[in-house]
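Notes to accompany the following structure.
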Amino acid sequence: MATYAKAAIVREVGKPVVVETIEVAAPRHGEVTVRLSACGVCHSDLSATNGTLNFPLPLVLGHEGAGVIVAIGDGVDNYAVGDHVISSFVSLCGHCHYCQTGRPQLCVQSLKSQYTLPDGTVRTRDAAGKDLNVFCGCGVMAEVATVHMGNVVKIDQQMPLDRAALISCGVMTGVGAAVNTAKVEAGSIAVIFGCGGVGLNAIQGCAIAGAGVIVAVDTSDEKLELARQFGATHGFNVTGREDAGKALFKLTGGGADYAFDCVGVGKISEMAWGVLRRGGTAVIVGISGPKDQIVLSAQQVATSEKTLTGSYYGSARPQLDFPRLIGLYRSGRLKLDQLITRTYSIDEAPQAFADLNAGKQGRGVIIFDAA
Ligand SMILES: [Zn+2]
Ligand SMILES: [Zn+2]
C-alpha cells in the first residue's frame, strides 16, 4: 500500500528546494520501507541543488537518515518491521568483486542506484503522478522512504536516531577517511583542510586514531574553534595567507604524515599534497566539480614516494563500521551531540539549505514528527 509523505525535492538547479507531499510505494522484492526519524543536511545534497553533482531532476534529497522499518518486501530475511536502521548511500550487493575484496563502498550495485533503486525504477511519485528520482538510492529527506535492503544497516534500538543519522554520511566519511583510508598512526601529524561536517569528523577520526598533532585549516575562526572541540591541536586561518603552504610546512615541523582535503577543490588537494613530508599520504575526501583538476610535479611524485588517494564514503564497510562508530559514541570517544548545530522540521528544509549554503558551522538535521 502506498503512503503519503512530505519530502524535500530539488526540481530546478540553482533554485531553492521545495517541500512536497509525495506518494511512496510499498517495498518490492529485496526492499524495505522506512519511516524516518531524522535526516542530516549534507553538503552533497546542496551540491545536487546547485549542479555541482549532476543528478537528473526532479530528485528527492537525503542520504543521511535514520528511522524505523515499517514494511518489508519479499526476499528480505535479515530485517523485520520495527528494526531501527541507518541509511547507507552506497547500495551493497554482497557478492561483486568489490564486496568480495572488502571494499563494498565501491560496489557495482551502487552504480546502478545513483538516482533510482538498483533495478532502475523508483517508488516515489509526485502529486501529478510523475516519478521522482532519489538521491543515491535513498531519498531519505522524507517522512517515509522505500529503499533497497542493501542501503540500510540495522542498529541497536537504544541508539538515539537523530545521532545515528549523522553516522551514515558525515561521520562515516570523515572518521573513515582517517581510520579506514589513511590508517592514521598513533603519534603522527595530520593536516585537515576544511572544518565543515566532514572535516570535523576527519579531525575526530585522527584524534581517535591517536594522531599527535592535528592541524585544522579553514577560513573561519569560528569553525577553527569548533575544530578544537573535535580534537584539533592547532587552528590555521588561511584567509589572506599567500604563504599558507610554507607556513603549514613549518608549523608541522617539516611536513605532515597525512593531509586531508575535505573541501573538494583541486587547488586545495594540491595544497594538501604540498604540506606532506616525503612518504606522506594525501587523502581527497571532498567531491569537486567534474572539471576540476589537480596538477602535480610528476618528478616529485616519483622521488617523494608520497601517496595521493581518494576516500569515498570513508572507505566504509557499513555493516561493520556503523556499529563500531556507535560503540565509539557510547564510550564517549566519538562526538555526535556536538555536531548537531541546529534542527529543522521538514517544512523548514529550504531554510536548512540556505543556512548550509551560507557556511553556517556544523550540521543541520531535519527531525521528522513521530507518527
Ligand atoms: Zn553526505
Ligand atoms: Zn557489491
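Residues are referred to by chain and number: the chain letter is A, B, ... according to the order shown in the C-alpha cells, the number counts from 1 in that chain, and ligands are numbered separately from 1 in the order shown.
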Can you pull out the residues contacting Cys136 of chain A? Cut-off 12 Å, using only C-alpha atoms, and skip same-chain residues under 3 positions away; I want them as a ChimeraX atom specification. /A:44-45,48,53-56,59-64,87-91,109-118,120,122,133,139-141,147-148,150-151,169
Would you mind exporting N, CA, C and O atoms of the selected residues as a compact mmCIF listing (two decimals), in the first residue's frame?
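Below you can see out-v3.txt, which holds the result:
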```
# COMPACT_ATOMS: atom_id res chain seq x y z
N SER A 44 26.63 17.27 0.09
CA SER A 44 26.33 16.60 -1.18
C SER A 44 24.89 16.87 -1.62
O SER A 44 24.62 16.96 -2.82
N ASP A 45 23.98 16.99 -0.66
CA ASP A 45 22.60 17.37 -1.01
C ASP A 45 22.60 18.76 -1.62
O ASP A 45 21.96 19.01 -2.64
N ALA A 48 23.71 18.79 -5.09
CA ALA A 48 22.68 18.36 -6.04
C ALA A 48 21.75 19.51 -6.39
O ALA A 48 21.15 19.53 -7.47
N LEU A 53 26.92 18.38 -8.26
CA LEU A 53 26.62 16.97 -8.56
C LEU A 53 25.44 16.98 -9.52
O LEU A 53 24.41 17.60 -9.25
N ASN A 54 25.62 16.29 -10.63
CA ASN A 54 24.65 16.38 -11.70
C ASN A 54 23.67 15.20 -11.67
O ASN A 54 23.94 14.14 -12.22
N PHE A 55 22.54 15.39 -10.98
CA PHE A 55 21.52 14.34 -10.92
C PHE A 55 20.36 14.72 -11.84
O PHE A 55 20.01 15.89 -11.94
N PRO A 56 19.75 13.71 -12.48
CA PRO A 56 18.53 14.02 -13.22
C PRO A 56 17.41 14.42 -12.26
O PRO A 56 17.23 13.78 -11.22
N LEU A 59 14.35 15.37 -8.02
CA LEU A 59 15.09 14.45 -7.16
C LEU A 59 14.70 14.65 -5.70
O LEU A 59 14.71 15.78 -5.21
N VAL A 60 14.35 13.55 -5.03
CA VAL A 60 14.13 13.61 -3.59
C VAL A 60 15.51 13.57 -2.93
O VAL A 60 16.30 12.65 -3.19
N LEU A 61 15.80 14.57 -2.10
CA LEU A 61 17.12 14.66 -1.46
C LEU A 61 17.22 13.72 -0.26
O LEU A 61 16.25 13.09 0.14
N GLY A 62 18.43 13.70 0.32
CA GLY A 62 18.61 12.98 1.57
C GLY A 62 19.29 11.64 1.44
O GLY A 62 18.87 10.79 0.64
N HIS A 63 20.39 11.49 2.18
CA HIS A 63 21.10 10.21 2.20
C HIS A 63 21.70 9.96 3.57
O HIS A 63 22.44 9.02 3.75
N GLU A 64 21.39 10.85 4.54
CA GLU A 64 21.97 10.73 5.88
C GLU A 64 20.84 10.55 6.88
O GLU A 64 20.58 11.41 7.72
N SER A 87 20.56 4.75 7.01
CA SER A 87 20.72 4.60 5.57
C SER A 87 22.21 4.55 5.21
O SER A 87 23.05 5.10 5.91
N SER A 88 22.49 3.84 4.12
CA SER A 88 23.84 3.82 3.56
C SER A 88 23.69 4.28 2.12
O SER A 88 22.88 3.72 1.38
N PHE A 89 24.46 5.30 1.71
CA PHE A 89 24.22 5.82 0.36
C PHE A 89 24.96 5.04 -0.71
O PHE A 89 24.86 5.35 -1.89
N VAL A 90 25.70 4.00 -0.31
CA VAL A 90 26.12 3.04 -1.32
C VAL A 90 25.31 1.77 -1.08
O VAL A 90 25.11 1.34 0.04
N SER A 91 24.80 1.22 -2.16
CA SER A 91 23.98 0.02 -2.06
C SER A 91 24.89 -1.19 -2.19
O SER A 91 25.69 -1.28 -3.11
N GLN A 109 26.58 -2.43 -7.45
CA GLN A 109 25.15 -2.17 -7.30
C GLN A 109 24.90 -0.68 -7.03
O GLN A 109 23.88 -0.12 -7.40
N SER A 110 25.89 -0.08 -6.35
CA SER A 110 25.79 1.33 -6.04
C SER A 110 25.73 2.19 -7.31
O SER A 110 25.03 3.20 -7.37
N LEU A 111 26.47 1.74 -8.33
CA LEU A 111 26.47 2.48 -9.60
C LEU A 111 25.11 2.42 -10.28
O LEU A 111 24.74 3.28 -11.06
N LYS A 112 24.36 1.35 -9.96
CA LYS A 112 23.05 1.19 -10.58
C LYS A 112 21.98 1.93 -9.78
O LYS A 112 20.80 1.90 -10.14
N SER A 113 22.35 2.49 -8.66
CA SER A 113 21.33 3.13 -7.82
C SER A 113 21.76 4.54 -7.42
O SER A 113 21.67 4.92 -6.28
N GLN A 114 22.25 5.30 -8.41
CA GLN A 114 22.68 6.65 -8.09
C GLN A 114 21.49 7.61 -7.96
O GLN A 114 21.57 8.57 -7.23
N TYR A 115 20.43 7.34 -8.69
CA TYR A 115 19.24 8.18 -8.52
C TYR A 115 17.95 7.38 -8.63
O TYR A 115 16.86 7.93 -8.72
N THR A 116 18.08 6.06 -8.66
CA THR A 116 16.92 5.17 -8.61
C THR A 116 17.24 4.06 -7.62
O THR A 116 18.34 4.01 -7.07
N LEU A 117 16.32 3.12 -7.44
CA LEU A 117 16.67 1.90 -6.73
C LEU A 117 17.49 1.04 -7.68
O LEU A 117 17.55 1.32 -8.88
N PRO A 118 18.16 -0.03 -7.18
CA PRO A 118 19.09 -0.78 -8.04
C PRO A 118 18.45 -1.36 -9.30
O PRO A 118 19.14 -1.56 -10.31
N GLY A 120 16.58 0.18 -11.26
CA GLY A 120 16.39 1.24 -12.24
C GLY A 120 15.04 1.95 -12.17
O GLY A 120 14.77 2.83 -12.98
N VAL A 122 11.82 3.69 -9.50
CA VAL A 122 11.66 4.39 -8.22
C VAL A 122 10.30 4.05 -7.60
O VAL A 122 9.40 3.57 -8.28
N ASN A 133 13.10 10.95 -8.87
CA ASN A 133 14.34 10.24 -8.60
C ASN A 133 14.71 10.40 -7.13
O ASN A 133 14.17 11.26 -6.43
N GLY A 139 16.98 9.01 -0.92
CA GLY A 139 15.86 9.94 -0.88
C GLY A 139 15.20 9.95 0.49
O GLY A 139 13.98 9.89 0.62
N VAL A 140 16.06 10.02 1.52
CA VAL A 140 15.54 9.89 2.88
C VAL A 140 15.29 11.23 3.58
O VAL A 140 15.05 11.26 4.78
N MET A 141 15.34 12.33 2.80
CA MET A 141 14.90 13.59 3.39
C MET A 141 13.40 13.68 3.17
O MET A 141 12.86 14.58 2.52
N VAL A 147 13.50 1.80 0.17
CA VAL A 147 14.86 1.65 -0.34
C VAL A 147 15.23 0.17 -0.44
O VAL A 147 14.58 -0.69 0.16
N HIS A 148 16.31 -0.12 -1.17
CA HIS A 148 16.81 -1.48 -1.24
C HIS A 148 17.43 -1.87 0.11
O HIS A 148 18.02 -1.02 0.79
N GLY A 150 20.02 -3.29 0.65
CA GLY A 150 21.45 -3.02 0.62
C GLY A 150 21.80 -1.60 0.97
O GLY A 150 22.97 -1.24 1.05
N ASN A 151 20.79 -0.75 1.17
CA ASN A 151 21.01 0.64 1.54
C ASN A 151 20.69 0.94 3.00
O ASN A 151 20.58 2.12 3.37
N CYS A 169 26.56 9.48 6.91
CA CYS A 169 27.36 10.13 5.86
C CYS A 169 28.54 10.89 6.45
O CYS A 169 29.67 10.47 6.32
```
If the limit is 9 Å from any atom of ligand 2, counting only C-alpha atoms and all ligand atoms, which residues qualify? Return them as a list in words.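 My answer, listing the contacting residues, is Ser91, Leu92, Cys93, Gly94, His95, Cys96, His97, Tyr98, Cys99, Gln100, Arg103, Pro104, Gln105, Leu106, Cys107, Val108, Gln109 and Ser110 of chain A.
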Which neighbours of Ser345 of chain A fall inside 10 Å, counting only C-alpha atoms, when residues of the same chain fewer than 5 positions from it are skipped, and could you give them as a count of residues only? 8
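Residue nearest ligand 1, chosen from A:Ile287, A:Val10, A:Ala2, A:Ala186 and counting only C-alpha atoms and all ligand atoms: A:Ile287.
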Between A:Arg28, A:Arg277, A:Arg363, A:Arg125, which is the closest to ligand 1 once you count only C-alpha atoms and all ligand atoms? A:Arg363
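Every residue of segment 329-369 of chain A with a DSSP assignment of alpha helix (DSSP H), taken from the backbone, is listed as Tyr329, Arg330, Ala349, Pro350, Gln351, Ala352, Phe353, Ala354, Asp355, Leu356 and Asn357 of chain A.
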Dump all heavy atoms for the selected residues as a short mmCIF file (atom, residue, chain, number, x, y, z; two decimals), in the first residue's frame?
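Dumped everything to again_2.cif:
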```
data_model
loop_
_atom_site.label_atom_id
_atom_site.label_comp_id
_atom_site.auth_asym_id
_atom_site.auth_seq_id
_atom_site.Cartn_x
_atom_site.Cartn_y
_atom_site.Cartn_z
N TYR A 329 30.80 6.11 20.08
CA TYR A 329 29.93 7.17 20.64
C TYR A 329 29.56 6.81 22.08
O TYR A 329 29.65 7.63 22.99
CB TYR A 329 28.67 7.32 19.78
CG TYR A 329 27.61 8.20 20.39
CD1 TYR A 329 27.81 9.57 20.50
CD2 TYR A 329 26.41 7.66 20.86
CE1 TYR A 329 26.83 10.39 21.06
CE2 TYR A 329 25.43 8.47 21.41
CZ TYR A 329 25.64 9.83 21.52
OH TYR A 329 24.67 10.63 22.07
N ARG A 330 29.18 5.57 22.28
CA ARG A 330 28.75 5.13 23.61
C ARG A 330 29.87 5.23 24.63
O ARG A 330 29.63 5.49 25.80
CB ARG A 330 28.29 3.67 23.52
CG ARG A 330 26.99 3.52 22.80
CD ARG A 330 26.03 2.78 23.71
NE ARG A 330 24.68 2.81 23.16
CZ ARG A 330 24.21 1.86 22.38
NH1 ARG A 330 24.94 0.82 22.09
NH2 ARG A 330 22.97 1.94 21.94
N ALA A 349 13.03 22.74 5.48
CA ALA A 349 14.16 22.27 4.66
C ALA A 349 14.79 23.38 3.81
O ALA A 349 16.01 23.49 3.74
CB ALA A 349 13.73 21.09 3.79
N PRO A 350 13.98 24.27 3.16
CA PRO A 350 14.62 25.33 2.38
C PRO A 350 15.56 26.20 3.23
O PRO A 350 16.63 26.58 2.78
CB PRO A 350 13.43 26.14 1.85
CG PRO A 350 12.29 25.16 1.82
CD PRO A 350 12.51 24.29 3.02
N GLN A 351 15.14 26.48 4.47
CA GLN A 351 15.99 27.27 5.37
C GLN A 351 17.27 26.51 5.71
O GLN A 351 18.36 27.08 5.78
CB GLN A 351 15.20 27.59 6.66
CG GLN A 351 15.94 28.51 7.61
CD GLN A 351 16.26 29.87 7.00
OE1 GLN A 351 15.41 30.47 6.35
NE2 GLN A 351 17.50 30.33 7.13
N ALA A 352 17.13 25.20 5.92
CA ALA A 352 18.30 24.37 6.25
C ALA A 352 19.35 24.46 5.13
O ALA A 352 20.55 24.57 5.40
CB ALA A 352 17.87 22.92 6.46
N PHE A 353 18.89 24.46 3.88
CA PHE A 353 19.83 24.56 2.76
C PHE A 353 20.41 25.96 2.64
O PHE A 353 21.59 26.12 2.32
CB PHE A 353 19.14 24.12 1.46
CG PHE A 353 19.09 22.63 1.33
CD1 PHE A 353 18.01 21.91 1.80
CD2 PHE A 353 20.16 21.95 0.79
CE1 PHE A 353 17.99 20.52 1.72
CE2 PHE A 353 20.15 20.56 0.70
CZ PHE A 353 19.06 19.85 1.17
N ALA A 354 19.58 26.96 2.92
CA ALA A 354 20.09 28.34 2.88
C ALA A 354 21.19 28.51 3.93
O ALA A 354 22.23 29.12 3.67
CB ALA A 354 18.95 29.32 3.12
N ASP A 355 20.97 27.95 5.12
CA ASP A 355 21.98 28.05 6.19
C ASP A 355 23.27 27.33 5.80
O ASP A 355 24.37 27.84 6.03
CB ASP A 355 21.44 27.45 7.50
CG ASP A 355 20.38 28.33 8.14
OD1 ASP A 355 20.22 29.50 7.70
OD2 ASP A 355 19.70 27.85 9.07
N LEU A 356 23.13 26.14 5.20
CA LEU A 356 24.32 25.39 4.79
C LEU A 356 25.08 26.15 3.70
O LEU A 356 26.30 26.28 3.74
CB LEU A 356 23.90 24.00 4.27
CG LEU A 356 25.02 23.07 3.83
CD1 LEU A 356 25.96 22.75 4.99
CD2 LEU A 356 24.45 21.77 3.27
N ASN A 357 24.32 26.71 2.78
CA ASN A 357 24.93 27.48 1.68
C ASN A 357 25.64 28.72 2.21
O ASN A 357 26.66 29.14 1.65
CB ASN A 357 23.84 27.87 0.67
CG ASN A 357 24.43 28.34 -0.64
OD1 ASN A 357 25.45 27.81 -1.09
ND2 ASN A 357 23.83 29.34 -1.24
#
```
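Atom CA of Trp273 of chain A to atom CA of Ala259 of chain A spans 7.0 Å [interatomic distance, one decimal].
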List every residue of segment 78-311 of chain A that DSSP, applied to the backbone of this structure, assigns to strand (DSSP E or B), and report them as number ranges by chain. A: 84-87, 124-125, 131, 133-134, 142, 144-148, 152-155, 189-193, 213-218, 234-237, 256-261, 276-284, 307-310
To one decimal place, how far is atom CA of Ala209 of chain A from atom CA of Glu185 of chain A in Å?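 According to the coordinates, atom CA of Ala209 of chain A and atom CA of Glu185 of chain A are separated by 6.4 Å.
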Just how far from atom CA of Ala216 of chain A is atom CA of Ile203 of chain A, in Å to one decimal?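 Result for atom CA of Ile203 of chain A versus atom CA of Ala216 of chain A: 7.5 Å, one decimal.
When only C-alpha atoms and all ligand atoms are used to measure the gap to ligand 1, the shortest distance among A:Leu46, A:Val144, A:Ile268, A:Val153 belongs to A:Leu46.
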Which residues are close to segment 32-34 of chain A, i.e. within 12 Å by only C-alpha atoms, leaving aside same-chain residues fewer than 6 positions away? Reply as a PyMOL selection string. chain A and resi 1-3+5+24-26+65-87+117+123-124+138-154
Need to verify the contact set: Val265 of chain A, 9 Å, only C-alpha atoms, exclusion of same-chain residues closer than 6 positions in sequence. Can you return it as a compact mmCIF listing (two decimals) with N, CA, C and O atoms, in the first residue's frame?
```
# COMPACT_ATOMS: atom_id res chain seq x y z
N GLY A 286 36.61 15.47 -0.02
CA GLY A 286 35.56 16.31 -0.60
C GLY A 286 35.41 16.02 -2.09
O GLY A 286 36.39 15.67 -2.75
N ILE A 287 34.21 16.16 -2.59
CA ILE A 287 33.96 15.84 -4.01
C ILE A 287 33.86 17.13 -4.80
O ILE A 287 32.98 17.96 -4.57
N SER A 288 34.79 17.29 -5.73
CA SER A 288 34.87 18.53 -6.50
C SER A 288 33.91 18.49 -7.68
O SER A 288 33.28 17.47 -7.96
N GLY A 289 33.83 19.60 -8.39
CA GLY A 289 33.08 19.64 -9.63
C GLY A 289 33.75 18.75 -10.67
O GLY A 289 34.94 18.45 -10.55
N ASP A 292 37.17 20.00 -12.36
CA ASP A 292 38.30 20.43 -11.52
C ASP A 292 39.49 19.46 -11.71
O ASP A 292 39.29 18.26 -11.83
N GLN A 293 40.71 20.03 -11.73
CA GLN A 293 41.91 19.21 -11.96
C GLN A 293 42.92 19.38 -10.83
O GLN A 293 42.90 20.39 -10.13
N ILE A 294 43.80 18.42 -10.72
CA ILE A 294 44.92 18.51 -9.78
C ILE A 294 46.20 18.43 -10.60
O ILE A 294 46.36 17.52 -11.41
```
All residues 7 Å or closer to segment 234-251 of chain A, only C-alpha atoms, same chain fewer than 2 positions away omitted, as a PDB file with all heavy atoms, in the first residue's frame:
```
ATOM      1  N   ILE A 214      47.298  17.638  15.225  1.00  0.00           N
ATOM      2  CA  ILE A 214      46.179  17.713  14.278  1.00  0.00           C
ATOM      3  C   ILE A 214      45.935  19.189  13.974  1.00  0.00           C
ATOM      4  O   ILE A 214      45.467  19.935  14.828  1.00  0.00           O
ATOM      5  CB  ILE A 214      44.899  17.061  14.861  1.00  0.00           C
ATOM      6  CG1 ILE A 214      45.167  15.596  15.229  1.00  0.00           C
ATOM      7  CG2 ILE A 214      43.746  17.171  13.867  1.00  0.00           C
ATOM      8  CD1 ILE A 214      44.041  14.919  15.997  1.00  0.00           C
ATOM      9  N   VAL A 215      46.288  19.594  12.762  1.00  0.00           N
ATOM     10  CA  VAL A 215      46.157  20.995  12.371  1.00  0.00           C
ATOM     11  C   VAL A 215      44.895  21.172  11.542  1.00  0.00           C
ATOM     12  O   VAL A 215      44.753  20.554  10.479  1.00  0.00           O
ATOM     13  CB  VAL A 215      47.386  21.454  11.544  1.00  0.00           C
ATOM     14  CG1 VAL A 215      47.262  22.952  11.209  1.00  0.00           C
ATOM     15  CG2 VAL A 215      48.688  21.172  12.282  1.00  0.00           C
ATOM     16  N   ALA A 216      43.980  21.994  12.030  1.00  0.00           N
ATOM     17  CA  ALA A 216      42.744  22.293  11.300  1.00  0.00           C
ATOM     18  C   ALA A 216      42.964  23.559  10.484  1.00  0.00           C
ATOM     19  O   ALA A 216      43.508  24.537  10.994  1.00  0.00           O
ATOM     20  CB  ALA A 216      41.595  22.496  12.280  1.00  0.00           C
ATOM     21  N   VAL A 217      42.547  23.528   9.214  1.00  0.00           N
ATOM     22  CA  VAL A 217      42.716  24.677   8.327  1.00  0.00           C
ATOM     23  C   VAL A 217      41.352  25.093   7.793  1.00  0.00           C
ATOM     24  O   VAL A 217      40.587  24.251   7.304  1.00  0.00           O
ATOM     25  CB  VAL A 217      43.655  24.314   7.145  1.00  0.00           C
ATOM     26  CG1 VAL A 217      43.881  25.534   6.249  1.00  0.00           C
ATOM     27  CG2 VAL A 217      44.979  23.753   7.642  1.00  0.00           C
ATOM     28  N   ASP A 218      41.047  26.394   7.914  1.00  0.00           N
ATOM     29  CA  ASP A 218      39.767  26.880   7.408  1.00  0.00           C
ATOM     30  C   ASP A 218      39.875  28.387   7.202  1.00  0.00           C
ATOM     31  O   ASP A 218      40.915  28.986   7.495  1.00  0.00           O
ATOM     32  CB  ASP A 218      38.630  26.537   8.397  1.00  0.00           C
ATOM     33  CG  ASP A 218      37.263  26.475   7.725  1.00  0.00           C
ATOM     34  OD1 ASP A 218      36.682  27.533   7.432  1.00  0.00           O
ATOM     35  OD2 ASP A 218      36.771  25.353   7.485  1.00  0.00           O
ATOM     36  N   THR A 219      38.797  28.978   6.700  1.00  0.00           N
ATOM     37  CA  THR A 219      38.784  30.436   6.530  1.00  0.00           C
ATOM     38  C   THR A 219      37.978  31.106   7.634  1.00  0.00           C
ATOM     39  O   THR A 219      37.857  32.324   7.660  1.00  0.00           O
ATOM     40  CB  THR A 219      38.148  30.823   5.179  1.00  0.00           C
ATOM     41  OG1 THR A 219      36.861  30.208   5.106  1.00  0.00           O
ATOM     42  CG2 THR A 219      38.991  30.348   4.001  1.00  0.00           C
ATOM     43  N   SER A 220      37.419  30.313   8.534  1.00  0.00           N
ATOM     44  CA  SER A 220      36.551  30.855   9.588  1.00  0.00           C
ATOM     45  C   SER A 220      37.127  30.544  10.969  1.00  0.00           C
ATOM     46  O   SER A 220      37.332  29.380  11.320  1.00  0.00           O
ATOM     47  CB  SER A 220      35.153  30.254   9.438  1.00  0.00           C
ATOM     48  OG  SER A 220      34.489  30.189  10.685  1.00  0.00           O
ATOM     49  N   ASP A 221      37.362  31.598  11.766  1.00  0.00           N
ATOM     50  CA  ASP A 221      37.863  31.391  13.138  1.00  0.00           C
ATOM     51  C   ASP A 221      36.852  30.608  13.974  1.00  0.00           C
ATOM     52  O   ASP A 221      37.216  29.813  14.829  1.00  0.00           O
ATOM     53  CB  ASP A 221      38.147  32.740  13.806  1.00  0.00           C
ATOM     54  CG  ASP A 221      39.441  33.366  13.284  1.00  0.00           C
ATOM     55  OD1 ASP A 221      40.319  32.610  12.808  1.00  0.00           O
ATOM     56  OD2 ASP A 221      39.565  34.610  13.333  1.00  0.00           O
ATOM     57  N   LEU A 224      37.277  27.041  13.227  1.00  0.00           N
ATOM     58  CA  LEU A 224      38.537  26.541  13.794  1.00  0.00           C
ATOM     59  C   LEU A 224      38.394  26.313  15.295  1.00  0.00           C
ATOM     60  O   LEU A 224      38.975  25.382  15.851  1.00  0.00           O
ATOM     61  CB  LEU A 224      39.672  27.533  13.502  1.00  0.00           C
ATOM     62  CG  LEU A 224      40.086  27.603  12.029  1.00  0.00           C
ATOM     63  CD1 LEU A 224      41.085  28.725  11.793  1.00  0.00           C
ATOM     64  CD2 LEU A 224      40.676  26.265  11.563  1.00  0.00           C
ATOM     65  N   ALA A 232      41.342  18.999  17.260  1.00  0.00           N
ATOM     66  CA  ALA A 232      42.441  19.713  16.603  1.00  0.00           C
ATOM     67  C   ALA A 232      43.361  20.299  17.670  1.00  0.00           C
ATOM     68  O   ALA A 232      42.896  20.860  18.658  1.00  0.00           O
ATOM     69  CB  ALA A 232      41.892  20.821  15.707  1.00  0.00           C
ATOM     70  N   GLY A 253      56.578  21.181  11.418  1.00  0.00           N
ATOM     71  CA  GLY A 253      57.962  20.788  11.684  1.00  0.00           C
ATOM     72  C   GLY A 253      58.592  20.022  10.526  1.00  0.00           C
ATOM     73  O   GLY A 253      59.375  19.099  10.742  1.00  0.00           O
ATOM     74  N   GLY A 254      58.197  20.398   9.295  1.00  0.00           N
ATOM     75  CA  GLY A 254      58.810  19.757   8.125  1.00  0.00           C
ATOM     76  C   GLY A 254      57.893  18.847   7.359  1.00  0.00           C
ATOM     77  O   GLY A 254      58.347  17.983   6.609  1.00  0.00           O
ATOM     78  N   GLY A 255      56.607  19.056   7.529  1.00  0.00           N
ATOM     79  CA  GLY A 255      55.635  18.311   6.723  1.00  0.00           C
ATOM     80  C   GLY A 255      54.814  17.326   7.539  1.00  0.00           C
ATOM     81  O   GLY A 255      55.249  16.808   8.570  1.00  0.00           O
ATOM     82  N   MET A 271      47.367  21.683  -2.306  1.00  0.00           N
ATOM     83  CA  MET A 271      47.947  22.197  -1.067  1.00  0.00           C
ATOM     84  C   MET A 271      48.143  21.058  -0.063  1.00  0.00           C
ATOM     85  O   MET A 271      49.148  20.999   0.644  1.00  0.00           O
ATOM     86  CB  MET A 271      47.030  23.279  -0.493  1.00  0.00           C
ATOM     87  CG  MET A 271      47.747  24.316   0.338  1.00  0.00           C
ATOM     88  SD  MET A 271      46.602  25.440   1.156  1.00  0.00           S
ATOM     89  CE  MET A 271      46.395  26.638  -0.100  1.00  0.00           C
ATOM     90  N   GLY A 274      51.111  19.316  -0.961  1.00  0.00           N
ATOM     91  CA  GLY A 274      52.289  20.151  -0.700  1.00  0.00           C
ATOM     92  C   GLY A 274      52.730  20.172   0.752  1.00  0.00           C
ATOM     93  O   GLY A 274      53.915  20.373   1.034  1.00  0.00           O
ATOM     94  N   VAL A 275      51.800  20.001   1.699  1.00  0.00           N
ATOM     95  CA  VAL A 275      52.189  20.070   3.120  1.00  0.00           C
ATOM     96  C   VAL A 275      52.695  18.728   3.656  1.00  0.00           C
ATOM     97  O   VAL A 275      53.055  18.623   4.823  1.00  0.00           O
ATOM     98  CB  VAL A 275      51.043  20.571   4.040  1.00  0.00           C
ATOM     99  CG1 VAL A 275      50.572  21.950   3.598  1.00  0.00           C
ATOM    100  CG2 VAL A 275      49.890  19.590   4.092  1.00  0.00           C
TER     101      VAL A 275
END
```
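Checking A:Gly14, A:Val41, A:Glu23, A:Lys267 one by one against ligand 1, counting only C-alpha atoms and all ligand atoms, you find the shortest gap at A:Val41.
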